[in-house]
Structure formats: C-alpha cells, structure tokens
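Heads up, final24.txt below (compact mmCIF, C-alpha atoms):
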# COMPACT_ATOMS: atom_id res chain seq x y z
CA MET A 1 -31.69 -13.75 -47.21
CA LYS A 2 -28.18 -14.91 -48.12
CA THR A 3 -26.90 -11.33 -47.77
CA LYS A 4 -28.52 -11.13 -44.34
CA PHE A 5 -26.79 -14.31 -43.19
CA ILE A 6 -23.44 -13.01 -44.49
CA ALA A 7 -23.91 -9.78 -42.56
CA ILE A 8 -24.74 -11.66 -39.39
CA GLY A 9 -21.74 -13.91 -39.93
CA VAL A 10 -19.44 -10.93 -40.35
CA MET A 11 -20.85 -9.39 -37.17
CA VAL A 12 -20.31 -12.59 -35.16
CA LEU A 13 -16.79 -12.94 -36.54
CA SER A 14 -16.05 -9.35 -35.56
CA LEU A 15 -17.23 -10.02 -32.00
CA ILE A 16 -15.07 -13.13 -31.83
CA ILE A 17 -12.04 -11.16 -32.99
CA VAL A 18 -12.68 -8.41 -30.43
CA SER A 19 -13.13 -11.02 -27.69
CA TYR A 20 -9.99 -12.81 -28.83
CA THR A 21 -8.05 -9.55 -28.65
CA LYS A 22 -9.32 -9.09 -25.08
CA ILE A 23 -8.37 -12.47 -23.69
CA ASN A 24 -5.84 -14.11 -25.99
CA PRO A 25 -2.64 -14.62 -23.96
CA THR A 26 -0.51 -14.97 -27.12
CA LEU A 27 -0.78 -11.37 -28.27
CA SER A 28 2.61 -10.11 -29.42
CA ILE A 29 4.53 -7.60 -27.33
CA ALA A 30 4.01 -5.03 -30.07
CA GLN A 31 0.24 -5.55 -29.87
CA LEU A 32 0.26 -5.40 -26.07
CA LYS A 33 2.33 -2.24 -26.09
CA ARG A 34 -0.05 -0.61 -28.52
CA LEU A 35 -3.12 -1.55 -26.48
CA TYR A 36 -1.74 -0.63 -23.06
CA SER A 37 -0.25 2.67 -24.21
CA SER A 38 -3.30 3.71 -26.22
CA GLY A 39 -4.46 6.10 -23.52
CA ASP A 40 -7.80 4.26 -23.52
CA TYR A 41 -8.30 1.71 -20.75
CA GLN A 42 -11.22 0.21 -22.67
CA LYS A 43 -8.72 -1.16 -25.19
CA TRP A 44 -6.71 -3.05 -22.60
CA PRO A 45 -6.84 -6.85 -22.63
CA LYS A 46 -9.34 -8.17 -20.13
CA PRO A 47 -7.79 -8.91 -16.72
CA GLU A 48 -7.98 -12.39 -15.25
CA VAL A 49 -9.83 -11.69 -12.01
CA ASP A 50 -11.29 -14.20 -9.57
CA SER A 51 -15.08 -14.16 -9.35
CA LEU A 52 -14.84 -13.40 -5.62
CA VAL A 53 -12.89 -10.22 -6.36
CA TYR A 54 -15.43 -9.09 -8.96
CA ALA A 55 -18.23 -9.71 -6.45
CA GLN A 56 -16.53 -7.43 -3.93
CA GLY A 57 -16.20 -4.59 -6.41
CA PHE A 58 -13.16 -4.69 -8.68
CA GLU A 59 -11.36 -1.59 -9.93
CA ASP A 60 -8.49 -1.96 -12.40
CA ILE A 61 -5.06 -0.36 -12.04
CA GLY A 62 -4.46 3.07 -13.54
CA THR A 63 -3.21 6.56 -12.76
CA LEU A 64 -3.89 8.32 -9.48
CA GLY A 65 -6.46 11.10 -9.29
CA GLN A 66 -6.47 13.98 -6.82
CA PRO A 67 -6.46 12.87 -3.16
CA GLU A 68 -9.57 13.53 -1.11
CA PHE A 69 -9.54 15.30 2.24
CA PRO A 70 -12.26 14.52 4.80
CA GLU A 71 -15.03 17.02 5.46
CA ASP A 72 -13.93 17.49 9.06
CA ASN A 73 -10.29 18.06 8.10
CA LYS A 74 -10.13 20.02 4.87
CA TYR A 75 -6.77 20.91 3.38
CA THR A 76 -5.16 24.26 4.04
CA GLU A 77 -1.59 25.18 3.25
CA GLU A 78 -1.06 26.44 6.80
CA LYS A 79 -2.36 23.22 8.36
CA ALA A 80 -0.14 21.08 6.14
CA ALA A 81 2.88 23.26 6.99
CA LEU A 82 2.19 22.80 10.71
CA GLY A 83 1.72 19.07 10.20
CA LYS A 84 5.11 18.84 8.51
CA ILE A 85 6.81 20.46 11.51
CA LEU A 86 4.99 18.16 13.93
CA PHE A 87 5.90 15.11 11.81
CA PHE A 88 9.61 15.87 12.22
CA ASP A 89 9.43 17.03 15.86
CA PRO A 90 10.86 14.45 18.33
CA ARG A 91 9.28 16.32 21.24
CA LEU A 92 6.11 14.34 20.56
CA SER A 93 7.95 11.42 22.19
CA LYS A 94 8.63 10.96 25.90
CA SER A 95 12.41 11.13 25.49
CA GLY A 96 12.26 13.96 22.98
CA GLN A 97 14.33 11.87 20.57
CA ILE A 98 11.84 9.95 18.39
CA SER A 99 9.70 11.61 15.72
CA CYS A 100 7.30 10.26 13.11
CA ALA A 101 10.14 10.68 10.60
CA ASN A 102 12.26 8.12 12.46
CA CYS A 103 10.12 5.31 11.02
CA HIS A 104 8.96 7.22 7.94
CA ASP A 105 12.07 8.81 6.49
CA PRO A 106 11.57 10.76 3.22
CA GLU A 107 15.01 9.64 2.00
CA LEU A 108 13.95 6.00 2.48
CA ASN A 109 10.70 6.39 0.53
CA TRP A 110 8.86 7.23 3.76
CA GLY A 111 9.75 3.93 5.44
CA ASP A 112 12.83 3.06 7.51
CA ALA A 113 14.47 0.20 5.53
CA ARG A 114 14.54 -1.96 8.67
CA ARG A 115 13.01 -5.39 9.22
CA VAL A 116 10.96 -3.98 12.07
CA SER A 117 10.98 -0.48 13.50
CA TYR A 118 12.45 0.58 16.81
CA GLY A 119 11.53 3.43 19.14
CA GLU A 120 12.17 4.57 22.70
CA GLY A 121 15.08 2.78 24.37
CA ARG A 122 15.83 1.01 21.07
CA LEU A 123 12.86 -1.28 21.72
CA GLN A 124 11.83 -3.18 18.60
CA GLY A 125 8.28 -3.65 17.44
CA ILE A 126 6.98 -6.72 15.61
CA ARG A 127 5.94 -5.12 12.33
CA ASN A 128 7.69 -3.62 9.34
CA SER A 129 7.13 0.10 8.86
CA PRO A 130 5.25 0.62 5.56
CA SER A 131 5.81 3.65 3.36
CA LEU A 132 3.54 6.66 3.88
CA MET A 133 3.77 7.58 0.22
CA ASN A 134 0.27 7.91 -1.24
CA ILE A 135 -1.30 7.19 2.15
CA ALA A 136 -4.04 9.65 1.15
CA TYR A 137 -5.53 6.90 -1.04
CA ALA A 138 -5.70 4.33 1.76
CA LYS A 139 -9.02 3.46 3.36
CA VAL A 140 -7.67 1.29 6.17
CA PHE A 141 -4.56 1.86 8.27
CA PHE A 142 -1.82 -0.27 9.80
CA TRP A 143 -1.12 -3.84 8.73
CA ASP A 144 -4.06 -5.00 10.86
CA GLY A 145 -6.48 -2.12 10.20
CA ARG A 146 -6.72 -1.02 13.82
CA ALA A 147 -7.10 2.67 12.89
CA ALA A 148 -10.22 3.83 11.06
CA THR A 149 -8.82 7.17 9.83
CA LEU A 150 -5.43 8.72 9.16
CA GLU A 151 -6.07 11.10 12.05
CA ASP A 152 -6.66 8.12 14.32
CA GLN A 153 -3.57 6.40 12.95
CA ALA A 154 -1.35 9.34 13.91
CA SER A 155 -2.13 8.84 17.60
CA PHE A 156 -0.98 5.21 17.85
CA PRO A 157 2.81 5.69 17.51
CA ILE A 158 2.76 8.48 20.10
CA LYS A 159 1.22 6.29 22.80
CA ASP A 160 2.87 2.98 21.82
CA THR A 161 5.42 2.05 24.50
CA LYS A 162 7.75 0.63 21.84
CA GLU A 163 7.56 3.72 19.67
CA MET A 164 7.23 7.25 21.07
CA ASN A 165 5.99 6.12 24.49
CA PHE A 166 4.12 9.31 25.39
CA HIS A 167 0.56 10.14 26.33
CA ILE A 168 -1.01 12.36 23.68
CA ASP A 169 -2.31 14.74 26.39
CA LEU A 170 1.20 15.20 27.77
CA ALA A 171 2.61 15.65 24.27
CA THR A 172 -0.03 18.31 23.60
CA LYS A 173 0.80 20.16 26.82
CA ARG A 174 4.51 20.08 25.96
CA LEU A 175 3.93 21.57 22.51
CA ASN A 176 1.57 24.24 23.84
CA LYS A 177 4.37 25.48 26.10
CA ILE A 178 6.73 26.08 23.18
CA LYS A 179 6.45 29.78 22.28
CA GLY A 180 7.72 29.28 18.78
CA TYR A 181 4.71 27.10 17.91
CA ARG A 182 2.13 29.78 18.69
CA THR A 183 2.44 31.56 15.35
CA HIS A 184 2.09 28.25 13.49
CA PHE A 185 -0.93 27.27 15.59
CA GLN A 186 -2.54 30.67 14.93
CA LYS A 187 -2.07 30.37 11.16
CA ALA A 188 -3.41 26.81 10.99
CA PHE A 189 -6.28 26.92 13.50
CA GLY A 190 -6.76 30.55 14.50
CA LYS A 191 -5.55 30.14 18.10
CA GLU A 192 -2.28 29.90 19.99
CA LYS A 193 -2.96 26.64 21.85
CA LEU A 194 -4.18 23.42 20.29
CA THR A 195 -6.05 20.32 21.40
CA GLN A 196 -4.72 16.83 20.73
CA THR A 197 -7.37 16.42 18.01
CA GLU A 198 -6.03 19.45 16.13
CA ILE A 199 -2.46 18.25 16.40
CA LEU A 200 -3.46 14.89 14.89
CA LYS A 201 -5.45 16.65 12.16
CA ALA A 202 -2.41 18.71 11.20
CA ILE A 203 -0.16 15.63 10.99
CA ALA A 204 -2.74 13.76 8.90
CA THR A 205 -3.12 16.75 6.57
CA PHE A 206 0.61 16.80 5.91
CA GLU A 207 0.69 13.05 5.34
CA ARG A 208 -2.06 13.35 2.71
CA THR A 209 0.22 15.63 0.68
CA LEU A 210 2.79 12.84 0.22
CA ILE A 211 1.87 11.96 -3.35
CA SER A 212 4.34 10.20 -5.61
CA PRO A 213 5.31 11.83 -8.92
CA LYS A 214 4.08 10.13 -12.06
CA SER A 215 5.90 6.85 -12.62
CA ARG A 216 6.99 5.48 -15.99
CA PHE A 217 3.91 3.26 -15.82
CA ASP A 218 1.67 6.32 -15.45
CA LYS A 219 3.26 8.03 -18.43
CA PHE A 220 3.09 4.84 -20.48
CA VAL A 221 -0.63 4.19 -19.98
CA ALA A 222 -1.30 7.88 -20.64
CA GLY A 223 0.03 7.42 -24.18
CA ASP A 224 3.84 7.49 -24.17
CA SER A 225 4.77 4.03 -25.44
CA THR A 226 8.50 4.72 -25.01
CA GLN A 227 8.28 4.69 -21.22
CA LEU A 228 8.20 0.89 -20.77
CA SER A 229 10.50 -1.67 -22.34
CA ASN A 230 9.16 -4.80 -24.01
CA LYS A 231 10.10 -6.78 -20.89
CA GLU A 232 8.16 -4.39 -18.67
CA VAL A 233 5.12 -4.53 -20.94
CA GLU A 234 5.24 -8.31 -20.73
CA GLY A 235 5.36 -7.95 -16.95
CA LEU A 236 2.38 -5.59 -16.96
CA HIS A 237 0.34 -8.10 -18.91
CA LEU A 238 1.40 -10.96 -16.62
CA PHE A 239 0.50 -8.79 -13.61
CA ARG A 240 -3.08 -8.51 -14.89
CA THR A 241 -3.39 -12.11 -16.10
CA LYS A 242 -1.32 -15.23 -15.39
CA ALA A 243 0.51 -13.88 -12.31
CA ARG A 244 -2.82 -13.01 -10.62
CA CYS A 245 -1.37 -9.93 -8.88
CA ILE A 246 -4.38 -7.88 -9.99
CA ASN A 247 -6.67 -9.82 -7.66
CA CYS A 248 -5.31 -7.93 -4.63
CA HIS A 249 -3.08 -5.21 -6.04
CA ASN A 250 -5.76 -3.39 -7.99
CA THR A 251 -7.07 0.21 -8.12
CA ALA A 252 -4.89 3.13 -9.20
CA ASN A 253 -2.90 2.78 -5.96
CA PHE A 254 -2.23 -0.94 -6.59
CA SER A 255 -3.98 -1.98 -3.37
CA ASP A 256 -7.52 -3.22 -2.81
CA ASN A 257 -7.54 -1.77 0.74
CA LYS A 258 -8.55 -5.20 2.02
CA PHE A 259 -7.05 -7.88 4.25
CA HIS A 260 -5.85 -11.31 3.14
CA ASN A 261 -4.14 -14.34 4.66
CA ILE A 262 -1.33 -15.09 2.22
CA GLY A 263 0.12 -17.88 4.35
CA LEU A 264 2.63 -15.95 6.46
CA THR A 265 1.05 -16.32 9.90
CA TYR A 266 3.94 -18.50 11.19
CA TYR A 267 1.33 -20.16 13.37
CA GLY A 268 2.80 -21.87 16.43
CA ARG A 269 6.33 -20.83 15.49
CA GLU A 270 8.74 -17.95 15.92
CA TYR A 271 7.37 -14.76 14.33
CA GLU A 272 3.77 -15.89 14.85
CA ASP A 273 1.42 -12.99 14.13
CA LEU A 274 -2.35 -13.44 13.84
CA GLY A 275 -2.78 -10.10 12.11
CA ARG A 276 -6.26 -8.64 11.88
CA TYR A 277 -7.61 -11.26 14.30
CA ASN A 278 -5.84 -9.37 17.09
CA VAL A 279 -8.10 -6.40 16.30
CA THR A 280 -11.44 -8.05 15.53
CA GLY A 281 -11.28 -11.28 17.54
CA LYS A 282 -12.94 -13.04 14.59
CA LYS A 283 -11.44 -16.37 13.58
CA GLU A 284 -12.00 -15.65 9.89
CA ASN A 285 -9.46 -12.82 10.24
CA VAL A 286 -6.63 -15.01 11.53
CA GLY A 287 -3.46 -14.28 9.58
CA GLU A 288 -4.97 -11.49 7.50
CA PHE A 289 -2.89 -8.42 6.73
CA LYS A 290 -3.57 -5.31 4.69
CA THR A 291 -2.63 -5.30 1.01
CA GLN A 292 0.16 -2.75 0.67
CA SER A 293 0.41 -0.48 -2.36
CA LEU A 294 2.98 -1.51 -4.96
CA ARG A 295 3.74 2.07 -5.97
CA GLY A 296 7.39 2.62 -5.06
CA VAL A 297 7.64 -0.91 -3.71
CA ALA A 298 11.06 -1.52 -5.29
CA GLN A 299 12.35 1.15 -2.89
CA ASN A 300 10.64 -0.27 0.19
CA ALA A 301 12.71 -3.35 1.13
CA PRO A 302 12.49 -5.38 3.29
CA TYR A 303 9.03 -6.81 2.68
CA MET A 304 5.90 -8.23 4.29
CA HIS A 305 4.41 -7.39 7.68
CA ASN A 306 7.41 -8.84 9.51
CA GLY A 307 10.12 -7.63 7.12
CA LEU A 308 11.51 -11.15 6.70
CA PHE A 309 11.87 -10.88 2.91
CA PRO A 310 15.00 -8.84 2.06
CA ASN A 311 14.34 -8.43 -1.65
CA LEU A 312 11.52 -8.27 -4.15
CA ARG A 313 12.66 -11.34 -6.05
CA GLY A 314 12.22 -13.49 -2.96
CA VAL A 315 8.65 -12.28 -2.58
CA LEU A 316 7.86 -13.06 -6.22
CA ASN A 317 9.38 -16.52 -5.91
CA MET A 318 7.18 -17.25 -2.91
CA TYR A 319 4.04 -16.14 -4.73
CA ASN A 320 5.08 -18.19 -7.75
CA ALA A 321 5.34 -21.26 -5.49
CA GLY A 322 1.85 -20.62 -4.13
CA MET A 323 2.94 -19.29 -0.74
CA PRO A 324 2.77 -21.51 2.38
CA GLN A 325 -0.38 -23.65 2.56
CA PRO A 326 -0.26 -24.99 6.16
CA LYS A 327 -1.80 -28.41 6.78
CA ARG A 328 -3.43 -29.36 10.08
CA LYS A 329 -1.78 -31.95 12.23
CA GLU A 330 -4.01 -34.48 13.94
CA SER A 331 -3.52 -32.62 17.22
CA GLN A 332 -4.86 -29.44 15.57
CA ALA A 333 -8.10 -30.96 14.31
CA ASN A 334 -10.22 -28.86 16.67
CA ASP A 335 -8.07 -25.73 16.60
CA THR A 336 -10.48 -22.98 15.51
CA LEU A 337 -7.63 -20.51 15.01
CA PHE A 338 -5.66 -22.67 12.59
CA PRO A 339 -4.91 -20.31 9.68
CA THR A 340 -6.16 -20.94 6.16
CA THR A 341 -4.37 -19.32 3.23
CA SER A 342 -6.68 -17.33 0.97
CA ARG A 343 -7.96 -19.21 -2.07
CA LEU A 344 -6.77 -16.23 -4.13
CA ILE A 345 -3.25 -17.54 -3.58
CA GLN A 346 -2.37 -20.24 -6.11
CA LYS A 347 0.73 -21.70 -7.74
CA LEU A 348 1.47 -19.48 -10.73
CA LYS A 349 3.80 -21.68 -12.78
CA LEU A 350 5.76 -18.70 -14.07
CA ASN A 351 9.09 -19.50 -15.70
CA GLN A 352 12.15 -17.46 -14.75
CA SER A 353 11.83 -15.21 -17.79
CA GLU A 354 8.27 -14.37 -16.75
CA VAL A 355 9.35 -13.67 -13.17
CA ASP A 356 12.04 -11.37 -14.59
CA ALA A 357 9.39 -9.53 -16.59
CA LEU A 358 7.06 -9.23 -13.61
CA GLU A 359 9.83 -7.82 -11.44
CA ALA A 360 10.80 -5.38 -14.18
CA PHE A 361 7.24 -4.08 -14.44
CA ILE A 362 6.81 -3.69 -10.69
CA SER A 363 10.05 -1.70 -10.61
CA SER A 364 8.55 0.70 -13.18
CA LEU A 365 6.09 1.82 -10.49
CA SER A 366 8.89 3.54 -8.57
CA THR A 367 9.86 7.16 -9.13
CA GLY A 368 13.29 7.57 -7.52
CA ALA A 369 14.38 9.20 -4.28
CA TYR A 370 12.01 11.68 -2.64
CA LYS A 371 13.78 14.76 -1.34
CA MET A 372 12.39 16.81 1.53
CA ARG A 373 14.38 19.09 3.76
CA PRO A 374 13.36 18.71 7.42
CA PRO A 375 11.78 21.90 8.75
CA GLU A 376 13.34 24.16 11.38
CA LEU A 377 11.71 23.25 14.68
CA PRO A 378 10.07 26.00 16.76
CA GLN A 379 11.76 26.93 20.02

Serialized structure, structure tokens:
Amino acid sequence: MKTKFIAIGVMVLSLIIVSYTKINPTLSIAQLKRLYSSGDYQKWPKPEVDSLVYAQGFEDIGTLGQPEFPEDNKYTEEKAALGKILFFDPRLSKSGQISCANCHDPELNWGDARRVSYGEGRLQGIRNSPSLMNIAYAKVFFWDGRAATLEDQASFPIKDTKEMNFHIDLATKRLNKIKGYRTHFQKAFGKEKLTQTEILKAIATFERTLISPKSRFDKFVAGDSTQLSNKEVEGLHLFRTKARCINCHNTANFSDNKFHNIGLTYYGREYEDLGRYNVTGKKENVGEFKTQSLRGVAQNAPYMHNGLFPNLRGVLNMYNAGMPQPKRKESQANDTLFPTTSRLIQKLKLNQSEVDALEAFISSLSTGAYKMRPPELPQ
C-alpha cells in the first residue's frame, strides 16, 4: 500500500512539474529557447488566452502551410501570369495612370508607405493601404470586411472614385480592345476576350501567389535555435502571455481574421471612422476593424486603419497603456453608437525592457525587401 501511495505521489508531482513548465512565467531564456525551438508545438508553454477567444475557436501561431485556391478559381500558371500583368496595368483606371501596384508596391512590402492612399486626381482616401503579402490566408477583406472574397475585393478599387475611378465594364471593354492581351487571355481562359469576372479572377489568382519567404521566426520554431536572439525569444513568450497579443494576432498568419474595436474610432472628432458598422449597420460593430497580419509588419509603416501611427514603437506603447477607453459624457447617455473598446484590450504593465523585447520579436517576422520586376504591358 505504501508503495502504491508513493507511485501516485510521484505521478502527481510529475503532472505538477509538467503544468508548471507550461505556465510558469519565470522560465529562463535558455529553457524558453529550448521549448520554442524544439520543433514540437506541444512543448511550447501554454498561451494566456482570454476565454472568449477560446470559445470562438483559437489557433496558435506557427508556420504557414500551402495557400488554398477556391474551387471556382483554381490556380494555373497562365492565369497567375495574366493576373500579374493586370495588377500592374494602369489602363484599368479611368485616367490610365493608376494601377493596383500604385497602392500595393512590391518594393514597399505590397503597401504604399503612406498614411492613406491616393488615386485619380490625387484624391486621398480615408484608410491606410494594408500589405497584400500573404493575402491568400485572409478570410475577410478590407479594414471593414466589405468584400467577401479576394475576387470581390479586386473590383472595389477599380470603381472607387478616389482610387481608379472606372466602371469595371468599361475597363473590361478597354482591355478587350488591346490586341496584345489576346494571347494572354487565350492561354489563361481559352478565349481572346474576357468578362469582368475572369479579369477579377486572374488578379485574385496572382495576389494569392504573394507568399512571404520563411522568416527567422519560422526557421526558429522549425528547430533552428540560432535564428532568434535571447531578446527575441523573450518577446515571443511575452507575445503569447503577458502582452496578450495572441488574443487577436493568432493563427500561422498572425491574424484571427476577425474585427475588433481597439479604441481608435475617434468618435465625434477629426478622423472619426465607424469601421465595420458602415458595412453592417449593426451598433455592435461600431469602431471594429480587421486584425491585420503581423508578418512583415515592421516593413509596413505607418500603422492602423488611418495610418496615424508612424512607427511600431508608438503602437506598442498605446497597447501597453490599454488603448483609448472612451467614457460617455452626460449628453451621450442615450447615444446607441457610442463606441466601446473591446474587453480584450487591457493595460499590459510592460516595462521598457519588455516592450523592447516584444518589438524585437515582432521584427523577426519580417523577411526583407520583396523584389518583383513589373511585367511588360501588352500593346
């Protein structure tokens, strides 16, 4: 009997040790580096995730798998090649001067490095242009989710009066008159004239090929412990625990593909933007914006939906402070659209060394400049 109790005691102690290894925030950097670079995600310390996030289906960060192409728009090399040409062709705009690449420049990590984008007549929009890198892994599109598919998304800039300012039907007719396109159309779709749907499918197919190379983070978690410094490993652990980033920036693409109000609605002030509410008309969506991927984010300044944050450190400082938490004035007591910051946003109480570590880790998700030579346009 005594032996039996000893065995049970050893078993319980072992479970406690395993549990301690999973959640203990005082693990040494050497221990963290060994666990995170083991190549086995099961050995990672347990993330600190809000119960609400778990209830909605949580998926931890990791390395990207192969992108999926929809059944009604399967990948072909010829279709992607045509999409690349169309992406860089300014003749999809009314003036013939603005292309998709104006706002999504490969040399600027597929963004435009501006606070907000501009289009025809130098008219400015109200939103920052997010990177298209790894857009194949997105499930919702635009900051406010107004496009259901990547094919649908491709049509919006063409018809937007502040972007390309052209009707898709007129753009299609213009392209169909260009003799040099006929060979490309034939290779991609088996005919010399295309519909607007096929043009959008080609552009979306090209965009789904924009996959980032493996980052140092990817190589590290695959087993190469030399890829991340001790400071970056500390930042990785903070990202999944105390800093709470993992609650929204999860999955292998570091985005939950959901919408959140992080307190930047600027309600009743300059730069007011009600976000997803403008699409759904539902008050619970006031101030919600899509979670952007953090892959390559160090190369994507400026930040947030309005581009008002010029550097990554400023963004981290705001999160550390708990972001804006607007309080109702007496005159706003019955205002049903008054924005409420998500309860996922909390003061983090990170010291400056921890913020340094977090920034260092996030920078490890970038992979350097992406080079792509613009194609020769058909004539």

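Using only C-alpha atoms, the contacts of region 215-231 of chain A at a cut-off of 6 Å, with sequence neighbours closer than 5 positions omitted, comprise Tyr36, Ser37, Ser38, Gly39, Thr63, Ala357, Ser364, Leu365 and Thr367 of chain A.
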
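Reported to one decimal place, the separation of CA of Glu288 (chain A) from CA of Ser363 (chain A) is 25.5 Å.
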
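Separating CA of Val49 (chain A) from CA of Asn285 (chain A) is a distance of 22.3 Å.
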
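Distances from A:Cys248, A:Val297, A:Leu194, A:Leu132 to Ile211 (chain A) were compared using all atoms listed in the file, and the smallest one belongs to A:Leu132.
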
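Considering the residues A:Ile126, A:Arg373, A:Tyr267, A:Gln346 and counting all atoms listed in the file, Arg328 (chain A) has its shortest atom-to-atom contact with A:Tyr267.
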